[in-house]
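Asks: This is protein_35.txt, which holds compact mmCIF, C-alpha atoms:
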# COMPACT_ATOMS: atom_id res chain seq x y z
CA MET A 1 30.47 -13.98 -39.06
CA SER A 2 27.85 -16.46 -37.89
CA LYS A 3 24.40 -16.13 -39.40
CA GLY A 4 22.98 -16.18 -35.87
CA LYS A 5 24.72 -12.92 -34.99
CA ILE A 6 23.68 -9.40 -35.83
CA HIS A 7 26.71 -7.07 -36.22
CA GLY A 8 28.70 -9.25 -33.82
CA ARG A 9 26.01 -9.37 -31.10
CA THR A 10 25.14 -12.78 -29.65
CA THR A 11 21.59 -13.82 -30.51
CA ILE A 12 19.14 -16.34 -29.18
CA ARG A 13 20.05 -18.66 -32.07
CA ASP A 14 23.68 -18.77 -30.87
CA VAL A 15 22.44 -19.81 -27.44
CA SER A 16 20.18 -22.51 -28.92
CA ARG A 17 23.07 -23.98 -30.97
CA LEU A 18 25.50 -24.06 -28.04
CA ALA A 19 22.90 -25.56 -25.69
CA ASP A 20 21.75 -27.97 -28.44
CA VAL A 21 18.10 -27.05 -27.93
CA SER A 22 15.47 -25.23 -29.97
CA VAL A 23 15.06 -21.45 -30.01
CA ALA A 24 11.63 -21.98 -28.45
CA THR A 25 13.24 -23.77 -25.48
CA VAL A 26 15.72 -20.93 -24.94
CA SER A 27 12.86 -18.42 -25.10
CA ALA A 28 10.87 -20.46 -22.55
CA VAL A 29 13.83 -20.49 -20.13
CA ILE A 30 14.40 -16.73 -20.52
CA ASN A 31 10.73 -16.03 -19.85
CA GLY A 32 10.61 -18.34 -16.84
CA LYS A 33 8.02 -20.73 -18.26
CA PRO A 34 7.71 -23.95 -16.21
CA ALA A 35 7.40 -26.35 -19.18
CA VAL A 36 11.20 -26.80 -19.58
CA SER A 37 12.93 -29.63 -17.67
CA GLU A 38 15.64 -28.85 -15.10
CA THR A 39 18.27 -30.53 -17.27
CA LEU A 40 17.49 -28.42 -20.34
CA THR A 41 17.17 -25.28 -18.20
CA ARG A 42 20.70 -25.83 -16.86
CA GLN A 43 22.01 -26.37 -20.41
CA VAL A 44 20.45 -23.12 -21.60
CA ARG A 45 21.68 -21.12 -18.62
CA ARG A 46 25.23 -22.41 -19.07
CA ALA A 47 25.11 -21.40 -22.73
CA ILE A 48 23.74 -17.94 -21.85
CA GLU A 49 26.55 -17.45 -19.33
CA ALA A 50 29.24 -18.74 -21.71
CA LEU A 51 28.12 -16.42 -24.52
CA ASN A 52 27.31 -13.51 -22.21
CA TYR A 53 23.94 -13.31 -23.95
CA GLN A 54 21.76 -10.29 -23.07
CA PRO A 55 18.10 -10.59 -24.12
CA ASP A 56 16.83 -7.63 -26.14
CA TYR A 57 13.93 -6.67 -23.90
CA LEU A 58 13.08 -3.56 -25.91
CA ALA A 59 12.71 -5.51 -29.14
CA ARG A 60 10.71 -8.18 -27.36
CA SER A 61 8.37 -5.63 -25.76
CA LEU A 62 7.74 -3.99 -29.13
CA ARG A 63 7.08 -7.37 -30.71
CA MET A 64 4.69 -8.40 -27.95
CA GLN A 65 3.26 -4.86 -27.60
CA ARG A 66 4.30 -4.85 -23.95
CA SER A 67 6.83 -2.81 -22.01
CA ASN A 68 7.10 -5.11 -18.97
CA ILE A 69 6.75 -1.96 -16.87
CA LEU A 70 4.06 -1.21 -14.30
CA GLY A 71 3.18 2.32 -13.21
CA ILE A 72 2.31 3.28 -9.63
CA VAL A 73 0.85 6.60 -8.47
CA MET A 74 0.98 7.45 -4.76
CA PRO A 75 -0.03 10.56 -2.78
CA GLN A 76 3.44 10.87 -1.19
CA PHE A 77 6.87 9.25 -1.19
CA ALA A 78 7.98 10.04 2.37
CA SER A 79 5.36 7.87 4.09
CA PRO A 80 6.63 4.63 5.68
CA PHE A 81 3.26 3.09 4.82
CA TYR A 82 3.65 3.74 1.10
CA ALA A 83 7.32 2.76 1.25
CA GLU A 84 6.25 -0.67 2.52
CA VAL A 85 3.52 -0.92 -0.12
CA LEU A 86 6.10 -0.08 -2.77
CA ARG A 87 8.45 -2.76 -1.45
CA GLY A 88 5.67 -5.33 -1.85
CA VAL A 89 4.97 -4.14 -5.39
CA GLU A 90 8.67 -4.21 -6.34
CA ASP A 91 9.24 -7.69 -4.96
CA LEU A 92 6.33 -9.24 -6.84
CA ALA A 93 7.03 -7.27 -10.05
CA SER A 94 10.71 -8.22 -10.02
CA GLN A 95 9.88 -11.90 -9.56
CA GLN A 96 7.72 -11.70 -12.68
CA GLY A 97 10.30 -9.81 -14.77
CA TYR A 98 8.65 -6.39 -14.50
CA SER A 99 10.06 -2.97 -13.65
CA ILE A 100 8.05 -0.12 -12.14
CA LEU A 101 7.71 3.61 -12.76
CA ILE A 102 6.74 5.62 -9.67
CA SER A 103 4.76 8.88 -9.73
CA ASN A 104 3.81 11.27 -6.93
CA SER A 105 0.35 12.88 -7.06
CA ARG A 106 1.08 14.92 -3.88
CA GLY A 107 -2.49 14.16 -2.88
CA ASP A 108 -3.81 16.44 -5.63
CA ALA A 109 -6.50 15.10 -7.97
CA GLU A 110 -5.40 17.16 -10.97
CA GLN A 111 -1.74 16.23 -10.53
CA GLU A 112 -2.83 12.60 -10.24
CA ARG A 113 -4.67 12.84 -13.55
CA LYS A 114 -1.56 14.23 -15.25
CA GLU A 115 0.69 11.54 -13.80
CA ILE A 116 -1.65 8.78 -14.96
CA PHE A 117 -1.67 9.96 -18.54
CA VAL A 118 2.11 10.43 -18.51
CA LEU A 119 2.43 6.78 -17.47
CA ILE A 120 0.03 5.72 -20.21
CA SER A 121 2.05 7.71 -22.76
CA ARG A 122 5.12 5.77 -21.62
CA ARG A 123 3.31 2.57 -22.53
CA VAL A 124 3.22 0.97 -19.09
CA ASP A 125 1.36 -2.34 -19.07
CA GLY A 126 -0.88 -1.29 -16.19
CA ILE A 127 -1.24 1.17 -13.31
CA LEU A 128 -1.51 0.86 -9.54
CA LEU A 129 -3.19 3.89 -7.98
CA ALA A 130 -3.88 5.24 -4.49
CA THR A 131 -6.29 7.88 -5.68
CA ALA A 132 -6.56 11.42 -4.36
CA ASP A 133 -9.75 11.95 -6.38
CA SER A 134 -12.90 11.10 -4.39
CA HIS A 135 -14.93 11.13 -7.62
CA PHE A 136 -12.42 9.62 -10.07
CA ALA A 137 -14.48 11.17 -12.85
CA TYR A 138 -12.03 10.08 -15.56
CA GLN A 139 -12.44 6.38 -14.74
CA ARG A 140 -14.51 5.95 -17.89
CA GLN A 141 -11.57 7.20 -19.96
CA PHE A 142 -9.84 3.92 -19.16
CA THR A 143 -10.98 1.36 -21.63
CA GLN A 144 -11.58 -2.23 -20.62
CA ARG A 145 -8.28 -3.00 -22.32
CA PHE A 146 -6.17 -0.91 -19.92
CA PRO A 147 -5.39 -2.65 -16.61
CA LEU A 148 -5.91 -0.59 -13.44
CA VAL A 149 -5.89 -1.61 -9.77
CA LEU A 150 -6.53 0.78 -6.90
CA PHE A 151 -4.94 0.30 -3.49
CA ASP A 152 -5.41 1.91 -0.06
CA ARG A 153 -7.57 4.81 -1.34
CA PHE A 154 -10.51 4.57 -3.70
CA PRO A 155 -13.66 6.55 -4.60
CA PRO A 156 -17.04 5.26 -3.34
CA ALA A 157 -18.40 4.60 -6.83
CA PHE A 158 -15.36 2.69 -8.11
CA THR A 159 -16.33 -0.68 -9.60
CA GLY A 160 -12.94 -2.17 -10.43
CA THR A 161 -10.32 -4.02 -8.38
CA VAL A 162 -9.20 -2.59 -5.04
CA VAL A 163 -6.69 -3.90 -2.47
CA ALA A 164 -6.93 -2.23 0.93
CA THR A 165 -6.87 -2.70 4.68
CA ASP A 166 -10.16 -3.57 6.35
CA ASN A 167 -10.13 -0.09 7.86
CA ALA A 168 -13.60 -0.21 9.39
CA GLY A 169 -12.94 -3.59 10.99
CA ALA A 170 -9.56 -2.48 12.36
CA SER A 171 -11.01 0.73 13.78
CA PHE A 172 -13.91 -1.20 15.34
CA GLU A 173 -11.49 -3.60 17.06
CA ALA A 174 -9.22 -0.81 18.30
CA THR A 175 -12.12 1.23 19.69
CA ASN A 176 -13.49 -1.87 21.42
CA HIS A 177 -10.11 -2.30 23.12
CA LEU A 178 -10.48 1.17 24.67
CA ILE A 179 -14.09 0.51 25.65
CA GLN A 180 -13.18 -2.78 27.31
CA LEU A 181 -10.55 -0.94 29.37
CA GLY A 182 -13.40 1.17 30.76
CA HIS A 183 -13.08 4.36 28.72
CA LEU A 184 -16.30 6.31 28.19
CA ARG A 185 -14.84 9.59 26.88
CA ILE A 186 -13.05 8.47 23.73
CA ALA A 187 -11.90 10.98 21.11
CA ILE A 188 -10.55 10.36 17.63
CA ILE A 189 -8.18 12.34 15.46
CA ALA A 190 -9.35 11.35 12.00
CA GLY A 191 -7.86 11.88 8.56
CA THR A 192 -9.06 14.00 5.67
CA GLN A 193 -12.79 13.77 4.98
CA GLY A 194 -13.64 12.19 1.63
CA ILE A 195 -10.61 9.87 1.61
CA SER A 196 -11.88 6.31 1.84
CA ALA A 197 -9.40 5.18 4.52
CA ALA A 198 -10.35 8.12 6.76
CA ASP A 199 -14.09 7.67 6.29
CA GLU A 200 -13.94 3.92 6.94
CA ARG A 201 -11.96 4.37 10.16
CA ILE A 202 -14.58 6.82 11.42
CA GLU A 203 -17.28 4.31 10.46
CA GLY A 204 -15.61 1.56 12.54
CA PHE A 205 -15.24 3.90 15.50
CA ARG A 206 -18.88 4.97 15.35
CA ARG A 207 -20.08 1.37 15.10
CA ALA A 208 -18.09 0.28 18.15
CA MET A 209 -19.37 3.24 20.19
CA TYR A 210 -22.97 2.61 19.10
CA GLU A 211 -22.85 -1.09 19.94
CA ALA A 212 -21.46 -0.23 23.39
CA GLY A 213 -24.24 2.31 23.97
CA LEU A 214 -21.81 5.23 24.05
CA THR A 215 -22.38 8.65 22.51
CA VAL A 216 -19.98 10.06 19.93
CA ARG A 217 -19.52 13.59 21.22
CA GLN A 218 -19.03 16.12 18.44
CA GLU A 219 -16.20 17.89 20.27
CA PHE A 220 -14.35 14.56 20.45
CA LEU A 221 -14.38 14.08 16.68
CA LYS A 222 -11.41 15.95 15.17
CA HIS A 223 -9.84 15.94 11.71
CA GLY A 224 -6.06 16.16 11.60
CA ASP A 225 -5.81 15.69 7.83
CA PHE A 226 -3.22 12.89 8.09
CA ASN A 227 -0.35 15.23 9.07
CA MET A 228 1.71 15.97 12.20
CA ARG A 229 0.58 19.56 12.63
CA GLY A 230 -3.03 18.43 12.41
CA GLY A 231 -2.47 15.80 15.10
CA TRP A 232 -0.68 18.32 17.32
CA GLU A 233 -3.38 20.98 16.99
CA CYS A 234 -6.24 18.52 17.52
CA ALA A 235 -4.60 17.08 20.63
CA LEU A 236 -4.17 20.54 22.17
CA GLU A 237 -7.82 21.35 21.46
CA LEU A 238 -9.01 18.07 22.97
CA MET A 239 -6.98 18.38 26.17
CA LYS A 240 -8.16 21.98 26.73
CA LEU A 241 -11.82 20.90 26.86
CA PRO A 242 -13.57 21.30 30.25
CA SER A 243 -14.08 17.52 30.29
CA PRO A 244 -11.22 16.14 28.15
CA PRO A 245 -11.15 12.61 26.78
CA THR A 246 -9.55 9.79 28.76
CA ALA A 247 -8.49 8.08 25.53
CA ILE A 248 -7.52 9.34 22.06
CA PHE A 249 -7.49 7.17 18.94
CA SER A 250 -5.26 8.70 16.23
CA HIS A 251 -5.91 7.48 12.70
CA ASN A 252 -2.40 7.56 11.20
CA TYR A 253 1.22 7.63 12.33
CA GLU A 254 1.89 11.29 11.45
CA MET A 255 -1.05 12.52 13.51
CA THR A 256 0.08 10.21 16.33
CA LEU A 257 3.50 11.89 16.29
CA GLY A 258 1.80 15.29 16.55
CA LEU A 259 -0.45 14.01 19.34
CA MET A 260 2.49 12.69 21.41
CA ARG A 261 4.37 15.95 20.94
CA ALA A 262 1.37 17.94 22.18
CA LEU A 263 0.98 15.76 25.29
CA ALA A 264 4.66 16.18 26.10
CA GLU A 265 4.47 19.96 25.67
CA ILE A 266 1.54 20.38 28.05
CA GLY A 267 2.77 17.80 30.52
CA VAL A 268 -0.09 15.29 30.20
CA PRO A 269 1.19 11.81 31.12
CA CYS A 270 0.22 8.81 29.01
CA PRO A 271 -1.53 6.55 29.91
CA GLN A 272 -2.05 7.94 33.44
CA ARG A 273 -4.27 10.82 32.28
CA VAL A 274 -4.98 9.84 28.69
CA SER A 275 -4.55 6.58 26.80
CA VAL A 276 -3.22 6.80 23.23
CA LEU A 277 -3.95 4.35 20.45
CA GLY A 278 -2.43 4.89 17.00
CA PHE A 279 -3.09 3.64 13.49
CA ASP A 280 0.06 2.37 11.70
CA ASP A 281 3.09 0.49 12.92
CA PHE A 282 6.38 0.18 11.04
CA VAL A 283 9.74 -1.48 11.31
CA VAL A 284 12.51 1.13 11.31
CA GLY A 285 16.23 0.67 10.72
CA MET A 286 18.14 -2.50 9.99
CA ASP A 287 17.54 -3.93 13.47
CA GLY A 288 13.84 -4.52 12.87
CA PHE A 289 12.48 -2.39 15.72
CA SER A 290 8.94 -1.04 15.58
CA TRP A 291 8.80 2.74 15.56
CA ALA A 292 6.00 2.57 18.14
CA THR A 293 8.34 0.92 20.65
CA MET A 294 10.71 3.92 20.49
CA PHE A 295 8.25 5.93 22.62
CA SER A 296 7.87 5.89 26.36
CA PRO A 297 5.36 4.42 26.93
CA LYS A 298 5.48 2.01 23.98
CA LEU A 299 2.48 2.75 21.75
CA THR A 300 -0.53 0.52 21.24
CA CYS A 301 -1.06 0.53 17.47
CA VAL A 302 -3.04 -0.90 14.59
CA ALA A 303 -0.52 -2.43 12.17
CA GLN A 304 -1.64 -2.40 8.54
CA PRO A 305 -0.50 -5.19 6.20
CA SER A 306 1.21 -2.60 4.00
CA TYR A 307 3.74 -4.92 2.33
CA GLU A 308 1.01 -7.44 1.53
CA ILE A 309 -1.22 -4.68 0.12
CA GLY A 310 1.53 -3.86 -2.38
CA ARG A 311 2.24 -7.47 -3.22
CA GLN A 312 -1.39 -8.43 -3.75
CA ALA A 313 -2.14 -5.24 -5.70
CA ALA A 314 0.75 -6.01 -8.07
CA GLU A 315 -0.43 -9.61 -8.38
CA ALA A 316 -3.98 -8.47 -9.21
CA LEU A 317 -2.63 -6.04 -11.82
CA LEU A 318 -0.47 -8.67 -13.49
CA LYS A 319 -3.48 -10.98 -13.66
CA LYS A 320 -5.29 -8.22 -15.49
CA THR A 321 -2.46 -7.78 -17.99
CA LYS A 322 -2.55 -11.51 -18.73
CA ARG A 323 -6.33 -11.51 -18.96
CA LEU A 324 -6.03 -9.17 -21.92
CA ASP A 325 -4.35 -12.05 -23.74
CA GLY A 326 -7.04 -14.49 -22.68
CA GLN A 327 -4.82 -16.17 -20.09
CA ASP A 328 -6.79 -15.24 -17.01
CA HIS A 329 -10.40 -14.62 -16.07
CA SER A 330 -10.13 -13.06 -12.62
CA GLU A 331 -13.14 -11.03 -11.48
CA GLU A 332 -13.22 -7.41 -10.39
CA GLY A 333 -13.76 -6.78 -6.71
CA PHE A 334 -12.41 -5.71 -3.35
CA ILE A 335 -9.58 -7.50 -1.57
CA ARG A 336 -9.72 -6.59 2.11
CA LEU A 337 -6.70 -7.43 4.27
CA ARG A 338 -6.94 -7.71 8.03
CA ALA A 339 -4.90 -5.39 10.26
CA GLU A 340 -3.35 -6.42 13.58
CA LEU A 341 -3.98 -4.66 16.92
CA ARG A 342 -0.69 -4.58 18.85
CA ILE A 343 -1.40 -3.82 22.50
CA ARG A 344 1.46 -2.19 24.39
CA GLU A 345 1.85 0.31 27.24
CA SER A 346 0.06 3.46 26.04
CA THR A 347 -3.46 2.14 26.72
CA ALA A 348 -4.69 1.43 30.23
CA PRO A 349 -7.92 1.80 32.27
CA PRO A 350 -8.89 5.43 32.95
CA SER A 351 -7.43 6.82 36.19
CA SER A 352 -10.90 7.22 37.74
CA LEU A 353 -11.33 3.40 37.83
As structure tokens, please, write out the structure in this file.

Replies:
Amino acid sequence: MSKGKIHGRTTIRDVSRLADVSVATVSAVINGKPAVSETLTRQVRRAIEALNYQPDYLARSLRMQRSNILGIVMPQFASPFYAEVLRGVEDLASQQGYSILISNSRGDAEQERKEIFVLISRRVDGILLATADSHFAYQRQFTQRFPLVLFDRFPPAFTGTVVATDNAGASFEATNHLIQLGHLRIAIIAGTQGISAADERIEGFRRAMYEAGLTVRQEFLKHGDFNMRGGWECALELMKLPSPPTAIFSHNYEMTLGLMRALAEIGVPCPQRVSVLGFDDFVVGMDGFSWATMFSPKLTCVAQPSYEIGRQAAEALLKKTKRLDGQDHSEEGFIRLRAELRIRESTAPPSSL
């Protein structure tokens, strides 16, 4: 038996001998380091294929005190938004040789806390978190040597790295679209109070109304708690008012679904009697159609850069893991990504104009 083999298993030394290169060169090729020439890289890969060599990632992770696994905690799995974020995380992580462990907090702060410490106990190299905890009181329990990046949702006092949509800016632009169409009675169906995304979207709405000299009427400010039933109930309440809104801005796709169902049930045509503007737009199915174009009329929506949020959050987290080894010196801070307003058929001037 060759000295380079352990109980008959091909080792990195076998690969180095067949490729006629050093063990360090084989290791560099396996780890994707750019210092190796194309010629030597091809030699090593041919040797790996010929010997059917399988790197021992467990042994390597123990040696390097790394698992090459990232943890991610989200408030729900069923959301198309978080599915797109996850796709961005997976793509970047896979390119860098990392796997991911996914946890569901169900939007509960205590469950989130448990999931985080389960991930830590499994020795993940870092965690991506869309927090359900508006206080994040256990932030100080993370030492400076444990990488953490928040995405989408974050507490007001958080001082670390965050990747999120520019929610206030997107809401400001969307509200301005309705104002420019001539709407004066604009209602919003907002998300859960205390969640950063919900609060920021209200902030953008209020700023646009204020700058246009319009009053935010209290009866036009509803909270649908980011779910379909909430959107449905809020829409029914709004349209039963003595002077109902001529436009409704719904702050996530689930509430928009509830809103459109309510309008259909009570026979209120859109946009003839009320314009509808939604937050979130997604590609559905293999044909690449937007879900908002499946409605009649096609919905005007704010499209979040959900895939890019995931990709950039994973990139920021990997930079943190490398910084622990002195390889990177990236600064903490907020990364705000711009959303896109997609104007379609569901918004039009009010019928009185």

Asks: Quick one: residues within 10 Å of A:Ala348, only C-alpha atoms counted, chain neighbours fewer than 5 positions away excluded, as number ranges by chain?

Replies: A: 177-178, 180-183, 246-247, 270-276, 300, 343

Asks: Within 10 Å of A:Asp91, counting all atoms listed in the file, which residues show up once you throw out same-chain ones fewer than 3 positions away? Write them as a VMD selection string, please.

Replies: chain A and resid 86 to 88 94 to 96 98 to 99 307 310 to 311 314

Asks: Quick one: pull the distance between atom CA of A:Leu119 and atom CA of A:Ala313, Å, one decimal.

Replies: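 Atom CA of A:Ala313 lies 17.4 Å from atom CA of A:Leu119.
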
Asks: Kindly extract all protein, DNA and RNA residues lying within 8 Å of the coordinates (-7.7, -2.1, 16.1) given in the file, considering only C-alpha atoms, and supply them as a list in words.

Replies: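 Using only C-alpha atoms, the matching residues come out as Gly169, Ala170, Ser171, Phe172, Glu173, Ala174, Thr175, Asn176, His177, Phe279, Cys301, Val302, Ala339, Glu340, Leu341 and Arg342 of chain A.
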
Asks: Taking all atoms listed in the file into account, which of A:Leu238, A:Ala83, A:Val73, A:Ala78 comes nearest A:Arg113?

Replies: A:Val73

Asks: One number please: atom CA of A:Ile188 to atom CA of A:Val162, in Å, one decimal.

Replies: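 Here the two named atoms are 26.1 Å from each other.
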
Asks: Would you kindly return, as a PyMOL selection string, each protein, DNA or RNA residue with an atom no farther than 7 Å from any atom of A:Ile72, considering only C-alpha atoms and excluding same-chain residues fewer than 2 positions away?

Replies: chain A and resi 70+74+101-103+127-129

Asks: Could you check which of A:Gln76, A:Thr39, A:Ser250, A:Ser67 is closest to A:Ser121, using all atoms listed in the file?

Replies: A:Ser67
